[in-house]
>>> print(open('coords38.txt').read())   # compact mmCIF, C-alpha atoms
# COMPACT_ATOMS: atom_id res chain seq x y z
CA MET A 6 289.19 58.16 -24.66
CA ARG A 7 289.03 54.96 -26.65
CA GLU A 8 290.83 53.05 -23.88
CA ILE A 9 288.43 54.45 -21.28
CA LEU A 10 285.41 53.31 -23.30
CA LYS A 11 287.01 49.90 -23.80
CA ALA A 12 287.63 49.54 -20.07
CA ALA A 13 284.05 50.63 -19.30
CA GLY A 14 282.62 48.16 -21.81
CA THR A 15 284.78 45.30 -20.53
CA ALA A 16 283.81 46.09 -16.92
CA LEU A 17 280.15 46.10 -17.93
CA ILE A 18 280.45 42.69 -19.59
CA ALA A 19 282.32 41.30 -16.58
CA SER A 20 279.66 42.66 -14.22
CA VAL A 21 276.82 41.11 -16.22
CA VAL A 22 278.55 37.72 -16.38
CA LEU A 23 279.44 37.92 -12.68
CA PHE A 24 275.83 38.72 -11.80
CA ALA A 25 274.55 35.85 -13.96
CA LEU A 26 277.00 33.39 -12.39
CA THR A 27 276.06 34.49 -8.87
CA ARG A 28 272.37 34.00 -9.61
CA LEU A 29 273.13 30.64 -11.19
CA MET A 30 275.17 29.48 -8.20
CA GLY A 31 272.27 30.30 -5.87
CA LYS A 32 271.66 32.52 -2.87
CA ARG A 33 273.84 30.37 -0.62
CA GLN A 34 276.83 31.84 -2.44
CA ILE A 35 275.85 35.19 -0.90
CA SER A 36 274.39 34.35 2.48
CA GLN A 37 276.21 31.21 3.66
CA LEU A 38 279.65 30.94 2.15
CA GLY A 39 281.37 27.65 2.73
CA VAL A 40 285.13 27.33 2.34
CA PHE A 41 284.80 26.14 -1.25
CA ASP A 42 282.30 28.88 -2.14
CA TYR A 43 284.49 31.50 -0.47
CA ILE A 44 287.54 30.53 -2.52
CA ASN A 45 285.53 30.51 -5.75
CA GLY A 46 283.91 33.84 -4.93
CA ILE A 47 287.28 35.52 -4.39
CA THR A 48 288.74 33.96 -7.54
CA ILE A 49 285.80 34.94 -9.76
CA GLY A 50 285.83 38.49 -8.39
CA SER A 51 289.58 38.78 -8.96
CA ILE A 52 289.27 37.59 -12.55
CA ALA A 53 286.41 40.02 -13.18
CA ALA A 54 288.42 42.94 -11.78
CA GLU A 55 291.51 41.94 -13.75
CA LEU A 56 289.42 41.58 -16.87
CA ALA A 57 288.12 45.13 -16.48
CA VAL A 58 291.43 46.95 -15.97
CA SER A 59 294.28 44.92 -17.46
CA GLY A 60 293.44 45.43 -21.11
CA PHE A 61 293.39 41.83 -22.35
CA LYS A 62 293.76 41.59 -26.10
CA GLU A 63 291.60 38.49 -26.02
CA PHE A 64 289.12 39.02 -23.21
CA GLU A 65 287.46 35.70 -24.06
CA VAL A 66 290.27 33.87 -22.23
CA PRO A 67 289.72 35.32 -18.73
CA LEU A 68 285.97 35.41 -19.38
CA THR A 69 286.04 31.67 -20.03
CA ALA A 70 288.05 31.11 -16.85
CA MET A 71 285.50 33.13 -14.87
CA ILE A 72 282.64 31.05 -16.27
CA VAL A 73 284.46 27.80 -15.45
CA PHE A 74 285.04 28.92 -11.86
CA GLY A 75 281.34 29.77 -11.70
CA LEU A 76 280.27 26.37 -13.00
CA VAL A 77 282.49 24.41 -10.60
CA PRO A 78 280.27 25.13 -7.52
CA ILE A 79 277.22 24.02 -9.51
CA LEU A 80 278.94 20.73 -10.31
CA THR A 81 280.08 20.22 -6.72
CA SER A 82 276.56 21.03 -5.49
CA TYR A 83 275.21 18.28 -7.76
CA LEU A 84 277.86 15.80 -6.57
CA THR A 85 277.25 16.57 -2.87
CA ASP A 86 273.54 16.01 -3.39
CA LYS A 87 274.23 12.59 -4.87
CA SER A 88 277.01 11.35 -2.57
CA ILE A 89 277.29 11.63 1.21
CA TRP A 90 280.98 10.69 0.99
CA ILE A 91 281.75 13.56 -1.39
CA ARG A 92 279.59 15.87 0.75
CA LYS A 93 281.75 15.15 3.79
CA ILE A 94 284.92 15.89 1.82
CA ILE A 95 283.73 19.16 0.25
CA THR A 96 281.47 20.67 2.90
CA GLY A 97 282.92 18.96 5.96
CA LYS A 98 280.95 17.73 8.96
CA PRO A 99 279.92 19.23 12.30
CA ALA A 100 282.29 18.99 15.27
CA ILE A 101 281.37 19.13 18.96
CA LEU A 102 283.41 21.78 20.78
CA PHE A 103 281.72 21.73 24.17
CA ASP A 104 279.46 19.15 25.74
CA GLY A 105 278.23 18.50 29.25
CA GLY A 106 280.58 21.04 30.81
CA LYS A 107 283.70 19.74 29.02
CA PHE A 108 285.80 21.24 26.23
CA LEU A 109 286.72 18.81 23.46
CA MET A 110 290.18 20.24 22.84
CA GLU A 111 291.00 17.86 19.98
CA ASN A 112 288.15 19.36 17.95
CA PHE A 113 289.31 22.87 18.90
CA LYS A 114 292.72 21.97 17.49
CA HIS A 115 291.33 20.65 14.21
CA ALA A 116 289.04 23.67 13.81
CA ARG A 117 291.89 26.07 14.70
CA ILE A 118 289.70 27.88 17.22
CA ASP A 119 291.03 28.93 20.62
CA ILE A 120 288.99 29.21 23.80
CA ASN A 121 288.99 33.02 23.73
CA GLU A 122 287.41 33.07 20.29
CA PHE A 123 284.93 30.41 21.41
CA LEU A 124 283.92 32.47 24.45
CA CYS A 125 283.45 35.52 22.21
CA ARG A 126 281.11 33.52 19.97
CA VAL A 127 279.27 32.25 23.06
CA ARG A 128 278.66 35.79 24.30
CA SER A 129 277.60 36.92 20.82
CA ALA A 130 274.94 34.20 20.91
CA GLY A 131 273.60 35.63 24.18
CA TYR A 132 275.15 33.18 26.65
CA PHE A 133 277.27 34.65 29.43
CA ASP A 134 277.47 31.52 31.57
CA LEU A 135 278.74 28.22 30.13
CA SER A 136 276.54 26.33 32.54
CA ASP A 137 273.59 27.55 30.45
CA ILE A 138 274.91 25.50 27.51
CA GLN A 139 274.63 21.74 27.11
CA THR A 140 276.35 21.40 23.72
CA ALA A 141 278.18 23.70 21.32
CA LEU A 142 278.50 22.43 17.75
CA LEU A 143 280.78 23.87 15.07
CA GLU A 144 278.87 23.72 11.78
CA PRO A 145 280.56 23.13 8.39
CA ASN A 146 279.95 26.78 7.41
CA GLY A 147 281.92 28.02 10.43
CA GLU A 148 278.94 29.00 12.58
CA ILE A 149 278.60 27.63 16.11
CA SER A 150 275.20 26.25 17.16
CA PHE A 151 274.25 26.05 20.81
CA LEU A 152 271.93 23.63 22.59
CA PRO A 153 270.76 25.22 25.87
CA ALA A 154 270.75 23.22 29.06
CA ALA A 155 267.30 21.77 29.74
CA ASP A 156 266.65 24.00 32.75
CA LYS A 157 267.93 27.11 30.98
CA ARG A 158 266.05 27.00 27.69
CA PRO A 159 263.21 29.50 27.14
CA LEU A 160 259.72 28.51 28.23
CA THR A 161 257.53 27.46 25.28
CA PRO A 162 253.74 27.26 24.89
CA GLN A 163 254.11 23.48 24.70
CA ASP A 164 255.65 23.45 28.17
CA MET A 165 252.47 25.12 29.41
CA ASN A 166 250.16 22.87 27.37
CA LEU A 167 249.06 25.84 25.26
CA LYS A 168 248.23 25.73 21.56
CA PRO A 169 248.57 29.25 20.12
CA PRO A 170 247.38 29.85 16.55
CA GLN A 171 250.01 29.37 13.87
CA ASP A 172 251.49 32.61 12.55
CA THR A 173 251.55 33.10 8.80
CA LEU A 174 253.41 35.41 6.48
CA LYS A 175 251.99 38.90 6.23
CA VAL A 176 251.23 40.51 2.89
CA GLU A 177 252.72 43.92 2.13
CA LEU A 178 250.03 46.34 1.02
CA ILE A 179 251.97 49.62 1.06
CA ILE A 180 255.70 50.11 0.75
CA ASP A 181 257.31 53.55 0.86
CA GLY A 182 254.04 55.36 0.26
CA LYS A 183 253.02 53.24 -2.74
CA ILE A 184 250.03 50.90 -2.78
CA LEU A 185 250.79 47.39 -4.05
CA TYR A 186 247.63 46.72 -6.04
CA LYS A 187 248.80 43.26 -7.10
CA ASN A 188 249.11 42.13 -3.48
CA LEU A 189 245.71 43.63 -2.72
CA GLY A 190 244.19 41.59 -5.52
CA GLU A 191 245.87 38.39 -4.33
CA ILE A 192 244.08 38.62 -0.97
CA GLY A 193 240.79 39.56 -2.62
CA LYS A 194 240.79 43.19 -1.51
CA ASP A 195 240.71 46.54 -3.28
CA GLU A 196 241.87 50.10 -2.65
CA GLN A 197 238.54 51.09 -1.11
CA TRP A 198 238.86 48.36 1.53
CA LEU A 199 242.42 49.43 2.27
CA MET A 200 241.42 53.06 2.75
CA GLN A 201 238.67 52.03 5.15
CA GLU A 202 241.13 50.00 7.20
CA LEU A 203 243.59 52.90 7.29
CA LYS A 204 240.80 55.20 8.42
CA LYS A 205 239.99 52.82 11.30
CA LEU A 206 243.60 53.04 12.40
CA ASN A 207 243.62 56.84 12.09
CA ALA A 208 246.60 56.43 9.80
CA ALA A 209 248.13 59.34 7.95
CA SER A 210 247.95 59.72 4.21
CA VAL A 211 249.33 56.85 2.16
CA ILE A 212 252.41 58.83 1.19
CA MET A 213 253.43 59.01 4.88
CA ILE A 214 253.21 55.24 5.35
CA ALA A 215 256.53 53.39 5.16
CA LEU A 216 254.97 49.94 5.41
CA ALA A 217 251.47 48.50 5.75
CA THR A 218 250.87 44.76 6.07
CA CYS A 219 247.88 42.46 6.40
CA ASP A 220 247.64 39.03 8.05
CA ARG A 221 245.32 36.13 7.18
CA ASN A 222 242.66 37.56 9.50
CA ASP A 223 242.60 40.84 7.55
CA ASN A 224 244.30 42.72 10.38
CA VAL A 225 246.20 45.68 8.95
CA CYS A 226 249.39 46.93 10.63
CA VAL A 227 250.85 50.31 9.70
CA PHE A 228 254.36 51.72 10.17
CA LEU A 229 254.79 55.44 9.48
CA LYS A 230 257.75 57.33 8.06
CA ASP A 231 259.76 59.61 10.27
CA ARG A 232 258.63 63.16 9.59
CA ILE A 233 262.08 64.56 10.28
>>> encode(input="coords38.txt", output="structure tokens")
Amino acid sequence: MREILKAAGTALIASVVLFALTRLMGKRQISQLGVFDYINGITIGSIAAELAVSGFKEFEVPLTAMIVFGLVPILTSYLTDKSIWIRKIITGKPAILFDGGKFLMENFKHARIDINEFLCRVRSAGYFDLSDIQTALLEPNGEISFLPAADKRPLTPQDMNLKPPQDTLKVELIIDGKILYKNLGEIGKDEQWLMQELKKLNAASVIMIALATCDRNDNVCVFLKDRI
């Protein structure tokens, strides 16, 4: 029983430190892992798991190692911000894979990507004809960006000399049947105003509303919960 409690306590400490390091390293560590971030993420996770189950007599040693691995990306982030040369070494630079109807096979070789994988990524991006693409660029994070051919790109309001009003972020007023009074106050509204707007929309009771939002023009949009 004592060993179980010790393992649980160690795992809890490792989880807290791991969470703190992840927050400290920034959201990019979660959403856009580069090669360096990926290696550090695996290493930190491995140390945390080992720390929880291996029964270290001195858990400060692996804990220190985990913290050091967490601080390294912060240091490299600072260095890449200060030096373009270091940035190119650590994060890499974009490489053109396809341009003007031609495959740049030398860049395919360096990136270790074959044409089949490239075509799969092309289709995943919504292109089923290479003639629709002017340029395909391999980004440092491993994603491939596509520049559509001029005559294949989507029509924009600018092409039609139109000037639509700029969209803005909408404010959440109700989430999962709960009124967000703080958000109401931030837009200068109260519960009475909200209820009037819901009545205009013939909306169900608040508890049946999954999400209600409001734009800068005070237009309320309601999404209901599934009754099933």
>>> atom_distance(input="coords38.txt", atom1="atom CA of A:Asp104", atom2="atom CA of A:Phe133")
16.1 Å
>>> atom_distance(input="coords38.txt", atom1="atom CA of A:Ala217", atom2="atom CA of A:Glu196")
12.9 Å
>>> residues_around(input="coords38.txt", residues="A:Lys205", least_positions_apart="4", cutoff="12 Å", atoms="all atoms listed in the file", output="list in words")
Trp198, Leu199, Met200, Gln201, Ala209, Asn224, Val225, Cys226 and Val227 of chain A
>>> residues_around(input="coords38.txt", residues="stretch 156-169 of chain A", least_positions_apart="6", cutoff="9 Å", atoms="all atoms listed in the file", output="list in words")
Ser136, Asp137 and Ile138 of chain A
>>> residues_around(input="coords38.txt", residues="A:Thr140", least_positions_apart="2", cutoff="12 Å", atoms="all atoms listed in the file", output="list in words")
Ala100, Ile101, Leu102, Phe103, Asp104, Gly105, Gly106, Lys107, Phe108, Leu109, Val127, Leu135, Ser136, Asp137, Ile138, Leu142, Leu143, Ile149, Ser150, Phe151, Leu152, Pro153, Ala154 and Ala155 of chain A
>>> atom_distance(input="coords38.txt", atom1="atom CA of A:Gly147", atom2="atom CA of A:Gly131")
17.8 Å
>>> residues_near_point(input="coords38.txt", point="(280.5, 16.8, -8.6)", cutoff="12 Å", atoms="all atoms listed in the file", output="ChimeraX atom specification")
/A:76-92,94-95
>>> closest_residue(input="coords38.txt", among="A:Asp223, A:Glu122, A:Asp134, A:Glu144", to="A:Leu178", atoms="only C-alpha atoms")
A:Asp223
>>> closest_residue(input="coords38.txt", among="A:Thr173, A:Leu185, A:Leu229, A:Asp119", to="A:Asn207", atoms="only C-alpha atoms")
A:Leu229
